[in-house]
>>> print(open('run14.pdb').read())   # PDB, C-alpha atoms, pLDDT in the B column
ATOM      1  CA  MET A   1      -2.655  -4.081  -6.620  1.00 53.00           C
ATOM      2  CA  PHE A   2      -0.674  -4.209  -9.861  1.00 54.00           C
ATOM      3  CA  LYS A   3      -3.494  -4.992 -12.259  1.00 49.00           C
ATOM      4  CA  ASN A   4      -3.688  -2.458 -15.125  1.00 49.00           C
ATOM      5  CA  ARG A   5      -2.096   0.370 -13.186  1.00 61.00           C
ATOM      6  CA  LEU A   6       1.077   0.831 -15.214  1.00 65.00           C
ATOM      7  CA  SER A   7      -0.057   2.586 -18.348  1.00 70.00           C
ATOM      8  CA  SER A   8       2.753   5.152 -18.111  1.00 76.00           C
ATOM      9  CA  LYS A   9       6.017   5.621 -16.214  1.00 77.00           C
ATOM     10  CA  PRO A  10       5.569   7.270 -12.796  1.00 77.00           C
ATOM     11  CA  ALA A  11       7.460  10.564 -12.574  1.00 78.00           C
ATOM     12  CA  ALA A  12       9.271   9.493  -9.397  1.00 78.00           C
ATOM     13  CA  LEU A  13      10.983   6.550 -11.122  1.00 82.00           C
ATOM     14  CA  ASN A  14      13.900   6.588 -13.525  1.00 84.00           C
ATOM     15  CA  ALA A  15      14.004   4.213 -16.503  1.00 85.00           C
ATOM     16  CA  ALA A  16      15.861   1.413 -14.663  1.00 85.00           C
ATOM     17  CA  GLU A  17      13.468   1.527 -11.699  1.00 84.00           C
ATOM     18  CA  TYR A  18      10.503   1.520 -14.069  1.00 86.00           C
ATOM     19  CA  GLU A  19      11.820  -1.619 -15.775  1.00 86.00           C
ATOM     20  CA  ILE A  20      12.156  -3.342 -12.397  1.00 84.00           C
ATOM     21  CA  LEU A  21       8.581  -2.355 -11.577  1.00 85.00           C
ATOM     22  CA  ILE A  22       7.372  -3.763 -14.912  1.00 85.00           C
ATOM     23  CA  ASP A  23       9.177  -7.038 -14.123  1.00 85.00           C
ATOM     24  CA  MET A  24       7.474  -7.126 -10.719  1.00 85.00           C
ATOM     25  CA  VAL A  25       4.054  -6.533 -12.268  1.00 83.00           C
ATOM     26  CA  SER A  26       4.470  -9.501 -14.591  1.00 84.00           C
ATOM     27  CA  ASP A  27       5.859 -11.819 -11.871  1.00 84.00           C
ATOM     28  CA  SER A  28       3.166 -14.065 -10.371  1.00 85.00           C
ATOM     29  CA  TYR A  29       4.959 -14.200  -6.994  1.00 85.00           C
ATOM     30  CA  TYR A  30       4.661 -10.430  -6.538  1.00 84.00           C
ATOM     31  CA  GLN A  31       1.084 -10.424  -7.826  1.00 84.00           C
ATOM     32  CA  THR A  32       0.067 -13.030  -5.247  1.00 86.00           C
ATOM     33  CA  SER A  33       2.060 -11.357  -2.499  1.00 83.00           C
ATOM     34  CA  SER A  34       0.560  -7.935  -3.199  1.00 82.00           C
ATOM     35  CA  LYS A  35      -2.969  -9.359  -2.987  1.00 85.00           C
ATOM     36  CA  SER A  36      -2.429 -11.251   0.255  1.00 87.00           C
ATOM     37  CA  LYS A  37      -0.711  -8.507   2.289  1.00 84.00           C
ATOM     38  CA  PRO A  38      -1.549  -4.920   3.211  1.00 83.00           C
ATOM     39  CA  ILE A  39       0.127  -2.479   0.831  1.00 79.00           C
ATOM     40  CA  SER A  40       2.519  -1.072   3.441  1.00 76.00           C
ATOM     41  CA  GLU A  41       3.621  -4.567   4.508  1.00 81.00           C
ATOM     42  CA  PHE A  42       4.150  -5.637   0.891  1.00 83.00           C
ATOM     43  CA  TRP A  43       6.493  -2.732   0.099  1.00 81.00           C
ATOM     44  CA  ALA A  44       8.287  -2.986   3.448  1.00 80.00           C
ATOM     45  CA  GLN A  45       9.095  -6.672   2.939  1.00 80.00           C
ATOM     46  CA  LEU A  46      10.683  -6.298  -0.489  1.00 80.00           C
ATOM     47  CA  GLY A  47      14.019  -5.816   1.243  1.00 72.00           C
ATOM     48  CA  GLU A  48      17.334  -6.185  -0.562  1.00 74.00           C
ATOM     49  CA  ASP A  49      15.885  -7.430  -3.870  1.00 75.00           C
ATOM     50  CA  HIS A  50      14.167  -4.151  -4.662  1.00 83.00           C
ATOM     51  CA  ALA A  51      15.500  -1.773  -2.012  1.00 82.00           C
ATOM     52  CA  ILE A  52      15.192   1.367  -4.139  1.00 83.00           C
ATOM     53  CA  LEU A  53      11.549   0.729  -5.058  1.00 85.00           C
ATOM     54  CA  SER A  54      10.787  -0.258  -1.488  1.00 83.00           C
ATOM     55  CA  SER A  55      12.277   2.938  -0.073  1.00 82.00           C
ATOM     56  CA  LYS A  56      10.428   5.098  -2.611  1.00 83.00           C
ATOM     57  CA  ALA A  57       7.148   3.369  -1.758  1.00 81.00           C
ATOM     58  CA  LYS A  58       7.780   3.913   1.960  1.00 78.00           C
ATOM     59  CA  LEU A  59       8.316   7.630   1.347  1.00 78.00           C
ATOM     60  CA  ILE A  60       4.947   7.791  -0.379  1.00 78.00           C
ATOM     61  CA  LEU A  61       3.127   5.689   2.238  1.00 76.00           C
ATOM     62  CA  LEU A  62       4.762   7.129   5.373  1.00 73.00           C
ATOM     63  CA  PRO A  63       2.993  10.521   5.534  1.00 70.00           C
ATOM     64  CA  PHE A  64      -0.437   8.899   5.860  1.00 70.00           C
ATOM     65  CA  GLY A  65       0.396   7.165   9.132  1.00 68.00           C
ATOM     66  CA  THR A  66       2.196  10.145  10.610  1.00 71.00           C
ATOM     67  CA  THR A  67      -0.577  12.542   9.576  1.00 76.00           C
ATOM     68  CA  TYR A  68      -3.108  10.345  11.343  1.00 77.00           C
ATOM     69  CA  LEU A  69      -0.977  10.226  14.503  1.00 77.00           C
ATOM     70  CA  CYS A  70      -0.494  13.990  14.428  1.00 79.00           C
ATOM     71  CA  GLU A  71      -4.224  14.651  14.030  1.00 81.00           C
ATOM     72  CA  THR A  72      -5.019  12.229  16.848  1.00 79.00           C
ATOM     73  CA  ALA A  73      -2.492  13.918  19.119  1.00 78.00           C
ATOM     74  CA  PHE A  74      -3.887  17.351  18.301  1.00 79.00           C
ATOM     75  CA  SER A  75      -7.437  16.217  19.096  1.00 83.00           C
ATOM     76  CA  ARG A  76      -6.325  14.773  22.419  1.00 77.00           C
ATOM     77  CA  TYR A  77      -4.358  17.920  23.188  1.00 77.00           C
ATOM     78  CA  THR A  78      -7.399  20.074  22.481  1.00 79.00           C
ATOM     79  CA  ALA A  79      -9.564  17.932  24.768  1.00 76.00           C
ATOM     80  CA  THR A  80      -6.947  18.028  27.540  1.00 72.00           C
ATOM     81  CA  LYS A  81      -6.416  21.771  27.183  1.00 71.00           C
ATOM     82  CA  THR A  82     -10.159  22.365  27.386  1.00 73.00           C
ATOM     83  CA  LYS A  83     -10.468  20.127  30.457  1.00 68.00           C
ATOM     84  CA  TYR A  84      -7.522  21.730  32.277  1.00 65.00           C
ATOM     85  CA  ARG A  85      -7.916  25.297  31.047  1.00 67.00           C
ATOM     86  CA  SER A  86      -6.699  26.732  34.361  1.00 63.00           C
ATOM     87  CA  ARG A  87      -3.492  24.672  34.316  1.00 62.00           C
ATOM     88  CA  LEU A  88      -0.617  26.110  32.361  1.00 57.00           C
ATOM     89  CA  ASP A  89       1.199  22.841  31.705  1.00 66.00           C
ATOM     90  CA  ALA A  90      -0.597  19.751  30.418  1.00 65.00           C
ATOM     91  CA  GLU A  91       2.615  17.983  29.346  1.00 71.00           C
ATOM     92  CA  ASN A  92       2.339  14.991  31.687  1.00 72.00           C
ATOM     93  CA  ASP A  93      -1.299  14.411  30.755  1.00 70.00           C
ATOM     94  CA  MET A  94      -0.416  14.577  27.056  1.00 70.00           C
ATOM     95  CA  ARG A  95       2.437  12.113  27.470  1.00 74.00           C
ATOM     96  CA  LEU A  96       0.072   9.659  29.138  1.00 72.00           C
ATOM     97  CA  GLN A  97      -2.628  10.117  26.483  1.00 71.00           C
ATOM     98  CA  LEU A  98      -0.300   9.779  23.484  1.00 73.00           C
ATOM     99  CA  THR A  99       1.713   6.756  24.551  1.00 76.00           C
ATOM    100  CA  SER A 100       0.940   3.337  23.119  1.00 75.00           C
ATOM    101  CA  VAL A 101       2.294   1.674  26.284  1.00 79.00           C
ATOM    102  CA  ILE A 102      -0.420   0.176  28.488  1.00 81.00           C
ATOM    103  CA  PRO A 103       0.518   0.623  32.159  1.00 78.00           C
ATOM    104  CA  ASP A 104       0.286  -2.321  34.550  1.00 83.00           C
ATOM    105  CA  ILE A 105      -1.759  -0.618  37.261  1.00 84.00           C
ATOM    106  CA  ASP A 106      -1.526  -3.573  39.678  1.00 88.00           C
ATOM    107  CA  LYS A 107       2.268  -3.620  39.468  1.00 87.00           C
ATOM    108  CA  LEU A 108       2.499   0.155  39.867  1.00 83.00           C
ATOM    109  CA  SER A 109       0.165   0.225  42.856  1.00 87.00           C
ATOM    110  CA  SER A 110       1.983  -2.674  44.549  1.00 89.00           C
ATOM    111  CA  LYS A 111       5.191  -0.600  44.551  1.00 81.00           C
ATOM    112  CA  LYS A 112       3.572   2.159  46.615  1.00 76.00           C
TER     113      LYS A 112
END
>>> encode(input="run14.pdb", output="structure tokens")
Amino acid sequence: MFKNRLSSKPAALNAAEYEILIDMVSDSYYQTSSKSKPISEFWAQLGEDHAILSSKAKLILLPFGTTYLCETAFSRYTATKTKYRSRLDAENDMRLQLTSVIPDIDKLSSKK
């Protein structure tokens, strides 16, 4: 991840943050860690040692995940709206389609 990518100071970093980043690039621990983990996990796990760099990286990486979720939700909404064109409110169907919770159908049906 770090190899030959720091030819100039990124605009988002001040001089002190840039120096910390240069130290990280030359540290073998961070080089190994950045190669063995997904990029988002690497920056999230920096924690207290490099909190400022970690938070800046999260701000850069965060929109990609949320954009994907938003586009997925919009696609599902469009499909639901097309399917239930005559219904005015598809809120409950959308809630069910967008949740990441997997319902336990057996448990739910046993309560009825």
>>> closest_residue(input="run14.pdb", among="A:Ala73, A:Leu21, A:Leu108, A:Val101", to="A:Lys56", atoms="only C-alpha atoms")
A:Leu21
>>> atom_distance(input="run14.pdb", atom1="atom CA of A:Glu71", atom2="atom CA of A:Lys58")
20.1 Å
>>> residues_around(input="run14.pdb", residues="stretch 30-45 of chain A", least_positions_apart="3", cutoff="10 Å", atoms="only C-alpha atoms", output="short mmCIF file (atom, residue, chain, number, x, y, z; two decimals) with C-alpha atoms, keeping the file's coordinate frame")
data_model
loop_
_atom_site.label_atom_id
_atom_site.label_comp_id
_atom_site.auth_asym_id
_atom_site.auth_seq_id
_atom_site.Cartn_x
_atom_site.Cartn_y
_atom_site.Cartn_z
CA MET A 1 -2.66 -4.08 -6.62
CA PHE A 2 -0.67 -4.21 -9.86
CA LYS A 3 -3.49 -4.99 -12.26
CA ASP A 23 9.18 -7.04 -14.12
CA MET A 24 7.47 -7.13 -10.72
CA VAL A 25 4.05 -6.53 -12.27
CA SER A 26 4.47 -9.50 -14.59
CA ASP A 27 5.86 -11.82 -11.87
CA GLU A 48 17.33 -6.18 -0.56
CA ASP A 49 15.88 -7.43 -3.87
CA HIS A 50 14.17 -4.15 -4.66
CA ALA A 51 15.50 -1.77 -2.01
CA LEU A 53 11.55 0.73 -5.06
CA SER A 54 10.79 -0.26 -1.49
CA SER A 55 12.28 2.94 -0.07
CA LYS A 56 10.43 5.10 -2.61
CA ALA A 57 7.15 3.37 -1.76
CA LYS A 58 7.78 3.91 1.96
CA ILE A 60 4.95 7.79 -0.38
CA LEU A 61 3.13 5.69 2.24
CA LEU A 62 4.76 7.13 5.37
#
>>> closest_residue(input="run14.pdb", among="A:Ala12, A:Leu46, A:Leu69, A:Ile22", to="A:Ser100", atoms="all atoms listed in the file")
A:Leu69
>>> atom_distance(input="run14.pdb", atom1="atom CA of A:Tyr77", atom2="atom CA of A:Pro103")
20.1 Å
>>> atom_distance(input="run14.pdb", atom1="atom CA of A:Ser28", atom2="atom CA of A:Leu59")
25.2 Å
>>> axis_aligned_box(input="run14.pdb", around="stretch 41-52 of chain A", padding_each_side="5 Å", output="lines of an AutoDock Vina configuration file")
center_x = 10.5
center_y = -3.0
center_z = -0.1
size_x = 23.7
size_y = 18.8
size_z = 19.2
